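Structure data (mmCIF, C-alpha atoms; chains and numbers go by the auth columns) from final03.cif:
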```cif
data_work
loop_
_atom_site.group_PDB
_atom_site.id
_atom_site.type_symbol
_atom_site.label_atom_id
_atom_site.label_comp_id
_atom_site.label_asym_id
_atom_site.label_seq_id
_atom_site.Cartn_x
_atom_site.Cartn_y
_atom_site.Cartn_z
_atom_site.B_iso_or_equiv
_atom_site.auth_seq_id
_atom_site.auth_asym_id
ATOM 1 C CA MET A 1 95.046 113.385 80.216 0.00 231 A
ATOM 2 C CA ARG A 2 98.225 113.240 78.161 0.00 232 A
ATOM 3 C CA VAL A 3 100.042 109.908 78.008 0.00 233 A
ATOM 4 C CA GLN A 4 103.179 111.339 79.683 0.00 234 A
ATOM 5 C CA THR A 5 101.098 112.838 82.492 0.00 235 A
ATOM 6 C CA ARG A 6 99.164 109.614 83.039 0.00 236 A
ATOM 7 C CA ARG A 7 102.386 107.576 83.120 0.00 237 A
ATOM 8 C CA ALA A 8 103.987 109.966 85.639 0.00 238 A
ATOM 9 C CA LEU A 9 100.831 109.821 87.773 0.00 239 A
ATOM 10 C CA ALA A 10 100.868 106.010 87.590 0.00 240 A
ATOM 11 C CA TYR A 11 104.437 106.022 88.953 0.00 241 A
ATOM 12 C CA HIS A 12 103.468 108.541 91.658 0.00 242 A
ATOM 13 C CA GLU A 13 100.648 106.329 92.935 0.00 243 A
ATOM 14 C CA ALA A 14 102.720 103.153 92.438 0.00 244 A
ATOM 15 C CA GLY A 15 105.372 104.706 94.710 0.00 245 A
ATOM 16 C CA HIS A 16 102.788 105.202 97.466 0.00 246 A
ATOM 17 C CA ALA A 17 101.527 101.629 96.960 0.00 247 A
ATOM 18 C CA LEU A 18 104.998 100.057 96.970 0.00 248 A
ATOM 19 C CA LEU A 19 105.904 101.741 100.251 0.00 249 A
ATOM 20 C CA ARG A 20 102.656 100.537 101.833 0.00 250 A
ATOM 21 C CA LEU A 21 103.543 96.989 100.781 0.00 251 A
ATOM 22 C CA HIS A 22 107.140 97.368 101.966 0.00 252 A
ATOM 23 C CA LEU A 23 105.858 98.457 105.389 0.00 253 A
ATOM 24 C CA GLY A 24 103.437 95.517 105.549 0.00 254 A
ATOM 25 C CA LEU A 25 100.333 97.687 105.197 0.00 255 A
ATOM 26 C CA ASP A 26 97.225 96.694 103.293 0.00 256 A
ATOM 27 C CA ILE A 27 96.039 98.227 100.046 0.00 257 A
ATOM 28 C CA LYS A 28 92.365 98.384 99.175 0.00 258 A
ATOM 29 C CA GLU A 29 92.668 100.298 95.902 0.00 259 A
ATOM 30 C CA VAL A 30 95.117 102.263 93.770 0.00 260 A
ATOM 31 C CA SER A 31 93.688 104.680 91.223 0.00 261 A
ATOM 32 C CA ILE A 32 94.726 107.319 88.717 0.00 262 A
ATOM 33 C CA VAL A 33 91.121 108.316 88.013 0.00 263 A
ATOM 34 C CA TYR A 34 90.323 111.984 88.764 0.00 264 A
ATOM 35 C CA ASP A 35 88.016 112.330 91.773 0.00 265 A
ATOM 36 C CA GLU A 36 85.733 115.330 91.330 0.00 266 A
ATOM 37 C CA GLU A 37 84.778 115.384 95.018 0.00 267 A
ATOM 38 C CA THR A 38 88.307 115.492 96.446 0.00 268 A
ATOM 39 C CA LYS A 39 89.940 117.075 93.359 0.00 269 A
ATOM 40 C CA SER A 40 92.520 114.285 93.570 0.00 270 A
ATOM 41 C CA ARG A 41 94.257 112.990 90.442 0.00 271 A
ATOM 42 C CA GLY A 42 94.987 109.666 92.062 0.00 272 A
ATOM 43 C CA HIS A 43 94.969 107.831 95.370 0.00 273 A
ATOM 44 C CA VAL A 44 95.917 104.726 97.300 0.00 274 A
ATOM 45 C CA THR A 45 93.468 103.562 99.931 0.00 275 A
ATOM 46 C CA GLY A 46 94.170 101.322 102.895 0.00 276 A
ATOM 47 C CA GLU A 47 94.248 101.706 106.635 0.00 277 A
ATOM 48 C CA LEU A 48 97.189 102.564 108.848 0.00 278 A
ATOM 49 C CA PRO A 49 97.241 99.931 111.586 0.00 279 A
ATOM 50 C CA GLN A 50 97.482 102.282 114.569 0.00 280 A
ATOM 51 C CA ASP A 51 95.937 99.733 116.912 0.00 281 A
ATOM 52 C CA LYS A 52 98.480 97.124 115.762 0.00 282 A
ATOM 53 C CA HIS A 53 101.365 99.470 116.594 0.00 283 A
ATOM 54 C CA ILE A 54 99.922 100.367 119.990 0.00 284 A
ATOM 55 C CA LYS A 55 99.489 96.665 120.756 0.00 285 A
ATOM 56 C CA GLU A 56 103.005 95.791 119.512 0.00 286 A
ATOM 57 C CA LEU A 57 104.739 98.676 121.262 0.00 287 A
ATOM 58 C CA GLY A 58 102.495 98.991 124.313 0.00 288 A
ATOM 59 C CA ASN A 59 102.784 102.759 124.135 0.00 289 A
ATOM 60 C CA HIS A 60 100.609 105.291 122.336 0.00 290 A
ATOM 61 C CA LEU A 61 103.447 107.826 121.920 0.00 291 A
ATOM 62 C CA LEU A 62 105.808 105.274 120.356 0.00 292 A
ATOM 63 C CA ALA A 63 103.011 104.045 118.078 0.00 293 A
ATOM 64 C CA SER A 64 102.334 107.638 117.000 0.00 294 A
ATOM 65 C CA LEU A 65 106.000 108.172 116.164 0.00 295 A
ATOM 66 C CA VAL A 66 106.144 104.937 114.157 0.00 296 A
ATOM 67 C CA LEU A 67 103.021 106.041 112.281 0.00 297 A
ATOM 68 C CA LEU A 68 104.570 109.448 111.594 0.00 298 A
ATOM 69 C CA VAL A 69 107.612 107.791 109.999 0.00 299 A
ATOM 70 C CA GLU A 70 105.483 105.339 108.024 0.00 300 A
ATOM 71 C CA GLU A 71 103.095 108.055 106.835 0.00 301 A
ATOM 72 C CA GLY A 72 106.051 110.191 105.800 0.00 302 A
ATOM 73 C CA MET A 73 107.659 107.366 103.848 0.00 303 A
ATOM 74 C CA ILE A 74 104.400 106.520 102.096 0.00 304 A
ATOM 75 C CA ARG A 75 103.675 110.143 101.222 0.00 305 A
ATOM 76 C CA VAL A 76 107.085 111.064 99.813 0.00 306 A
ATOM 77 C CA ALA A 77 107.371 107.773 97.902 0.00 307 A
ATOM 78 C CA GLY A 78 104.838 109.033 95.352 0.00 308 A
ATOM 79 C CA PRO A 79 106.611 112.168 94.172 0.00 309 A
ATOM 80 C CA GLU A 80 110.033 110.548 94.586 0.00 310 A
ATOM 81 C CA ALA A 81 108.957 107.650 92.323 0.00 311 A
ATOM 82 C CA LYS A 82 107.746 110.146 89.731 0.00 312 A
ATOM 83 C CA GLU A 83 111.070 111.991 89.920 0.00 313 A
ATOM 84 C CA LEU A 84 112.898 108.674 89.500 0.00 314 A
ATOM 85 C CA ILE A 85 111.313 108.100 86.085 0.00 315 A
ATOM 86 C CA THR A 86 110.975 111.683 84.817 0.00 316 A
ATOM 87 C CA GLY A 87 114.182 113.176 86.220 0.00 317 A
ATOM 88 C CA ARG A 88 112.186 116.274 87.201 0.00 318 A
ATOM 89 C CA LYS A 89 111.509 117.589 90.686 0.00 319 A
ATOM 90 C CA PRO A 90 107.911 117.079 91.806 0.00 320 A
ATOM 91 C CA GLY A 91 105.500 119.796 90.707 0.00 321 A
ATOM 92 C CA LYS A 92 102.870 121.732 92.597 0.00 322 A
ATOM 93 C CA TRP A 93 100.367 118.883 92.678 0.00 323 A
ATOM 94 C CA ALA A 94 102.701 116.875 94.951 0.00 324 A
ATOM 95 C CA HIS A 95 103.238 119.634 97.540 0.00 325 A
ATOM 96 C CA ARG A 96 100.873 118.064 100.110 0.00 326 A
ATOM 97 C CA ASP A 97 102.983 114.894 100.121 0.00 327 A
ATOM 98 C CA TYR A 98 105.900 116.910 101.542 0.00 328 A
ATOM 99 C CA ARG A 99 103.909 118.780 104.218 0.00 329 A
ATOM 100 C CA VAL A 100 105.057 117.125 107.454 0.00 330 A
ATOM 101 C CA ASP A 101 102.635 119.327 109.416 0.00 331 A
ATOM 102 C CA LEU A 102 99.717 117.649 107.597 0.00 332 A
ATOM 103 C CA TRP A 103 100.781 114.093 108.393 0.00 333 A
ATOM 104 C CA SER A 104 99.829 113.892 112.074 0.00 334 A
ATOM 105 C CA GLU A 105 99.590 115.709 115.378 0.00 335 A
ATOM 106 C CA GLU A 106 103.299 115.013 115.943 0.00 336 A
ATOM 107 C CA GLY A 107 104.092 116.658 112.611 0.00 337 A
ATOM 108 C CA LYS A 108 102.099 119.738 113.622 0.00 338 A
ATOM 109 C CA LYS A 109 104.150 120.074 116.809 0.00 339 A
ATOM 110 C CA MET A 110 107.441 120.342 114.916 0.00 340 A
ATOM 111 C CA GLY A 111 108.984 123.679 114.098 0.00 341 A
ATOM 112 C CA PRO A 112 109.967 124.520 110.507 0.00 342 A
ATOM 113 C CA GLU A 113 113.600 123.427 110.957 0.00 343 A
ATOM 114 C CA GLU A 114 112.587 120.150 112.602 0.00 344 A
ATOM 115 C CA ARG A 115 110.086 119.442 109.809 0.00 345 A
ATOM 116 C CA GLU A 116 112.727 120.144 107.166 0.00 346 A
ATOM 117 C CA ALA A 117 115.282 117.866 108.873 0.00 347 A
ATOM 118 C CA PHE A 118 112.688 115.122 109.342 0.00 348 A
ATOM 119 C CA LEU A 119 111.566 115.374 105.714 0.00 349 A
ATOM 120 C CA HIS A 120 115.182 115.141 104.542 0.00 350 A
ATOM 121 C CA TRP A 121 115.682 112.063 106.749 0.00 351 A
ATOM 122 C CA ILE A 122 112.571 110.414 105.262 0.00 352 A
ATOM 123 C CA VAL A 123 113.503 111.200 101.639 0.00 353 A
ATOM 124 C CA GLU A 124 117.030 109.836 102.151 0.00 354 A
ATOM 125 C CA ARG A 125 115.507 106.506 103.188 0.00 355 A
ATOM 126 C CA VAL A 126 112.820 106.328 100.515 0.00 356 A
ATOM 127 C CA LYS A 127 114.997 107.052 97.453 0.00 357 A
ATOM 128 C CA PRO A 128 117.318 104.025 97.800 0.00 358 A
ATOM 129 C CA LEU A 129 114.377 101.793 98.635 0.00 359 A
ATOM 130 C CA LEU A 130 112.539 102.834 95.453 0.00 360 A
ATOM 131 C CA ASN A 131 115.715 102.275 93.432 0.00 361 A
ATOM 132 C CA SER A 132 116.281 98.817 94.889 0.00 362 A
ATOM 133 C CA LYS A 133 112.674 97.807 94.237 0.00 363 A
ATOM 134 C CA ARG A 134 112.401 99.497 90.854 0.00 364 A
ATOM 135 C CA HIS A 135 111.244 96.268 89.167 0.00 365 A
ATOM 136 C CA TYR A 136 108.222 96.135 91.501 0.00 366 A
ATOM 137 C CA LEU A 137 107.576 99.851 91.008 0.00 367 A
ATOM 138 C CA ASP A 138 107.656 99.421 87.223 0.00 368 A
ATOM 139 C CA ALA A 139 105.237 96.486 87.345 0.00 369 A
ATOM 140 C CA ILE A 140 102.681 98.305 89.515 0.00 370 A
ATOM 141 C CA ALA A 141 102.969 101.531 87.508 0.00 371 A
ATOM 142 C CA GLU A 142 102.561 99.760 84.156 0.00 372 A
ATOM 143 C CA ALA A 143 99.448 97.899 85.318 0.00 373 A
ATOM 144 C CA LEU A 144 98.026 101.105 86.772 0.00 374 A
ATOM 145 C CA PHE A 145 98.783 102.982 83.549 0.00 375 A
ATOM 146 C CA GLN A 146 96.936 100.305 81.556 0.00 376 A
ATOM 147 C CA HIS A 147 93.924 99.788 83.850 0.00 377 A
ATOM 148 C CA LYS A 148 93.659 103.128 85.746 0.00 378 A
ATOM 149 C CA GLU A 149 92.424 101.343 88.893 0.00 379 A
ATOM 150 C CA LEU A 150 93.709 98.281 90.727 0.00 380 A
ATOM 151 C CA SER A 151 92.375 96.474 93.775 0.00 381 A
ATOM 152 C CA GLY A 152 94.609 95.285 96.581 0.00 382 A
ATOM 153 C CA GLY A 153 94.185 91.734 95.274 0.00 383 A
ATOM 154 C CA GLU A 154 95.271 92.762 91.776 0.00 384 A
ATOM 155 C CA ILE A 155 98.363 94.459 93.247 0.00 385 A
ATOM 156 C CA GLN A 156 99.203 91.243 95.122 0.00 386 A
ATOM 157 C CA ASP A 157 98.808 89.250 91.879 0.00 387 A
ATOM 158 C CA ILE A 158 101.184 91.631 90.093 0.00 388 A
ATOM 159 C CA MET A 159 103.719 91.379 92.918 0.00 389 A
ATOM 160 C CA SER A 160 103.578 87.577 92.896 0.00 390 A
ATOM 161 C CA LYS A 161 104.534 87.547 89.192 0.00 391 A
ATOM 162 C CA VAL A 162 107.552 89.826 89.581 0.00 392 A
ATOM 163 C CA GLU A 163 110.764 87.945 90.198 0.00 393 A
ATOM 164 C CA ALA A 164 112.565 88.882 93.392 0.00 394 A
ATOM 165 C CA ARG A 165 116.235 89.673 92.936 0.00 395 A
ATOM 166 C CA PRO A 166 118.804 87.471 94.712 0.00 396 A
ATOM 167 C CA GLY A 167 118.830 88.184 98.450 0.00 397 A
ATOM 168 C CA GLU A 168 115.653 90.253 98.249 0.00 398 A
ATOM 169 C CA GLY A 169 112.326 89.410 99.796 0.00 399 A
ATOM 170 C CA ARG A 170 109.100 90.284 98.032 0.00 400 A
ATOM 171 C CA PRO A 171 107.180 93.217 99.584 0.00 401 A
ATOM 172 C CA GLU A 172 104.113 91.747 101.252 0.00 402 A
#
```
Could you take the file, read its structure, and then write that structure out as structure tokens?
Amino acid sequence: MRVQTRRALAYHEAGHALLRLHLGLDIKEVSIVYDEETKSRGHVTGELPQDKHIKELGNHLLASLVLLVEEGMIRVAGPEAKELITGRKPGKWAHRDYRVDLWSEEGKKMGPEEREAFLHWIVERVKPLLNSKRHYLDAIAEALFQHKELSGGEIQDIMSKVEARPGEGRPE
């Protein structure tokens, strides 16, 4: 893989990871190693805490909607982070990240115009967040570029070494 491609992929996966941390979700692993079985060029693994949301909200429908928003933010953060550093719109390999109908049952129920409006709403929230936490994004992406795979613990170590900006909390 070319250096430019690997760096862009590191930012893509770092974007997914940073949003998971921002939303208080766990990370088991972040990788930019090609997976022959899934044909994936990178991934972030960790569980979405559906049971936690149901318990917190006391309502399965509300929990599903919260998960839809979180899943959307996590998914679009990858290609949006890549665009942030390359200045180029995401290519064909990021198309699944923008497919609202693939995110959940609620996403499947939306019509094309609703999906487009929802996607726009998500992107407009993710872009400023990535910009404001660029120093964290850079740190995760650089480590991922160097090592190709990082555990959740290694991500936490990286985050603990990055200085928070005044008035900013560290993503957990």
Using Å and a single decimal, report how far atom CA of A:Val260 sits from atom CA of A:Gly272.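 About the pair atom CA of A:Gly272 and atom CA of A:Val260: they are 7.6 Å apart.
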Selected residue of minimal separation from A:Gly302 among A:Ile352, A:Glu259, A:Ser334, A:His290, counting all atoms listed in the file: A:Ile352
Show me the residues close to (107.5, 110.3, 99.6) - anything with an atom within 8 Å, counting all atoms listed in the file - and format the list as an MDAnalysis selection string. chainID A and resid 245:246 302:311 327:328 352:353 356
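Proximity ranking of A:Val274, A:Asp265, A:Gln280, A:Leu249 relative to A:Gly382 places A:Val274 first, based on all atoms listed in the file.
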Could you tell me how far atom CA of A:Val263 lies from atom CA of A:Pro320, in Å and to one decimal?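 Taking atom CA of A:Val263 as the start and atom CA of A:Pro320 as the end point, the length is 19.3 Å.
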Where atoms are lacking, stretch 361-391 of chain A completed to N, CA and C atoms, as an mmCIF file, in the frame of the given file:
```cif
data_model
loop_
_atom_site.group_PDB
_atom_site.id
_atom_site.type_symbol
_atom_site.label_atom_id
_atom_site.label_comp_id
_atom_site.auth_asym_id
_atom_site.auth_seq_id
_atom_site.Cartn_x
_atom_site.Cartn_y
_atom_site.Cartn_z
ATOM 1 N N ASN A 361 114.735 102.746 94.420
ATOM 2 C CA ASN A 361 115.715 102.275 93.432
ATOM 3 C C ASN A 361 115.925 100.771 93.518
ATOM 4 N N SER A 362 116.024 100.247 94.725
ATOM 5 C CA SER A 362 116.281 98.817 94.889
ATOM 6 C C SER A 362 115.068 97.959 94.537
ATOM 7 N N LYS A 363 113.899 98.541 94.560
ATOM 8 C CA LYS A 363 112.674 97.807 94.237
ATOM 9 C C LYS A 363 112.034 98.337 92.954
ATOM 10 N N ARG A 364 112.883 98.877 92.093
ATOM 11 C CA ARG A 364 112.401 99.497 90.854
ATOM 12 C C ARG A 364 111.586 98.518 90.003
ATOM 13 N N HIS A 365 111.977 97.251 89.966
ATOM 14 C CA HIS A 365 111.244 96.268 89.167
ATOM 15 C C HIS A 365 109.805 96.106 89.651
ATOM 16 N N TYR A 366 109.589 96.180 90.963
ATOM 17 C CA TYR A 366 108.222 96.135 91.501
ATOM 18 C C TYR A 366 107.478 97.425 91.165
ATOM 19 N N LEU A 367 108.165 98.548 91.322
ATOM 20 C CA LEU A 367 107.576 99.851 91.008
ATOM 21 C C LEU A 367 107.129 99.890 89.551
ATOM 22 N N ASP A 368 107.990 99.442 88.645
ATOM 23 C CA ASP A 368 107.656 99.421 87.223
ATOM 24 C C ASP A 368 106.425 98.557 86.947
ATOM 25 N N ALA A 369 106.357 97.404 87.577
ATOM 26 C CA ALA A 369 105.237 96.486 87.345
ATOM 27 C C ALA A 369 103.913 97.089 87.818
ATOM 28 N N ILE A 370 103.906 97.685 89.002
ATOM 29 C CA ILE A 370 102.681 98.305 89.515
ATOM 30 C C ILE A 370 102.290 99.487 88.637
ATOM 31 N N ALA A 371 103.259 100.341 88.305
ATOM 32 C CA ALA A 371 102.969 101.531 87.508
ATOM 33 C C ALA A 371 102.436 101.156 86.121
ATOM 34 N N GLU A 372 103.014 100.156 85.496
ATOM 35 C CA GLU A 372 102.561 99.760 84.156
ATOM 36 C C GLU A 372 101.126 99.241 84.205
ATOM 37 N N ALA A 373 100.820 98.410 85.185
ATOM 38 C CA ALA A 373 99.448 97.899 85.318
ATOM 39 C C ALA A 373 98.470 99.038 85.611
ATOM 40 N N LEU A 374 98.883 99.963 86.439
ATOM 41 C CA LEU A 374 98.026 101.105 86.772
ATOM 42 C C LEU A 374 97.827 101.999 85.547
ATOM 43 N N PHE A 375 98.876 102.205 84.782
ATOM 44 C CA PHE A 375 98.783 102.982 83.549
ATOM 45 C C PHE A 375 97.772 102.348 82.588
ATOM 46 N N GLN A 376 97.831 101.021 82.477
ATOM 47 C CA GLN A 376 96.936 100.305 81.556
ATOM 48 C C GLN A 376 95.487 100.272 82.033
ATOM 49 N N HIS A 377 95.281 100.044 83.333
ATOM 50 C CA HIS A 377 93.924 99.788 83.850
ATOM 51 C C HIS A 377 93.299 100.950 84.618
ATOM 52 N N LYS A 378 94.081 101.921 85.015
ATOM 53 C CA LYS A 378 93.659 103.128 85.746
ATOM 54 C C LYS A 378 93.255 102.876 87.199
ATOM 55 N N GLU A 379 92.763 101.697 87.506
ATOM 56 C CA GLU A 379 92.424 101.343 88.893
ATOM 57 C C GLU A 379 92.804 99.889 89.138
ATOM 58 N N LEU A 380 93.346 99.639 90.339
ATOM 59 C CA LEU A 380 93.709 98.281 90.727
ATOM 60 C C LEU A 380 93.251 98.036 92.154
ATOM 61 N N SER A 381 92.743 96.847 92.405
ATOM 62 C CA SER A 381 92.375 96.474 93.775
ATOM 63 C C SER A 381 93.622 95.968 94.496
ATOM 64 N N GLY A 382 93.504 95.839 95.806
ATOM 65 C CA GLY A 382 94.609 95.285 96.581
ATOM 66 C C GLY A 382 94.967 93.879 96.110
ATOM 67 N N GLY A 383 93.951 93.090 95.769
ATOM 68 C CA GLY A 383 94.185 91.734 95.274
ATOM 69 C C GLY A 383 94.933 91.731 93.945
ATOM 70 N N GLU A 384 94.578 92.666 93.063
ATOM 71 C CA GLU A 384 95.271 92.762 91.776
ATOM 72 C C GLU A 384 96.733 93.173 91.974
ATOM 73 N N ILE A 385 96.978 94.067 92.929
ATOM 74 C CA ILE A 385 98.363 94.459 93.247
ATOM 75 C C ILE A 385 99.135 93.239 93.742
ATOM 76 N N GLN A 386 98.530 92.450 94.620
ATOM 77 C CA GLN A 386 99.203 91.243 95.122
ATOM 78 C C GLN A 386 99.503 90.265 93.987
ATOM 79 N N ASP A 387 98.569 90.125 93.034
ATOM 80 C CA ASP A 387 98.808 89.250 91.879
ATOM 81 C C ASP A 387 100.002 89.741 91.060
ATOM 82 N N ILE A 388 100.064 91.043 90.840
ATOM 83 C CA ILE A 388 101.184 91.631 90.093
ATOM 84 C C ILE A 388 102.491 91.352 90.819
ATOM 85 N N MET A 389 102.497 91.578 92.130
ATOM 86 C CA MET A 389 103.719 91.379 92.918
ATOM 87 C C MET A 389 104.160 89.919 92.886
ATOM 88 N N SER A 390 103.217 89.000 92.889
ATOM 89 C CA SER A 390 103.578 87.577 92.896
ATOM 90 C C SER A 390 104.220 87.147 91.577
ATOM 91 N N LYS A 391 103.974 87.893 90.505
ATOM 92 C CA LYS A 391 104.534 87.547 89.192
ATOM 93 C C LYS A 391 105.888 88.192 88.932
#
```
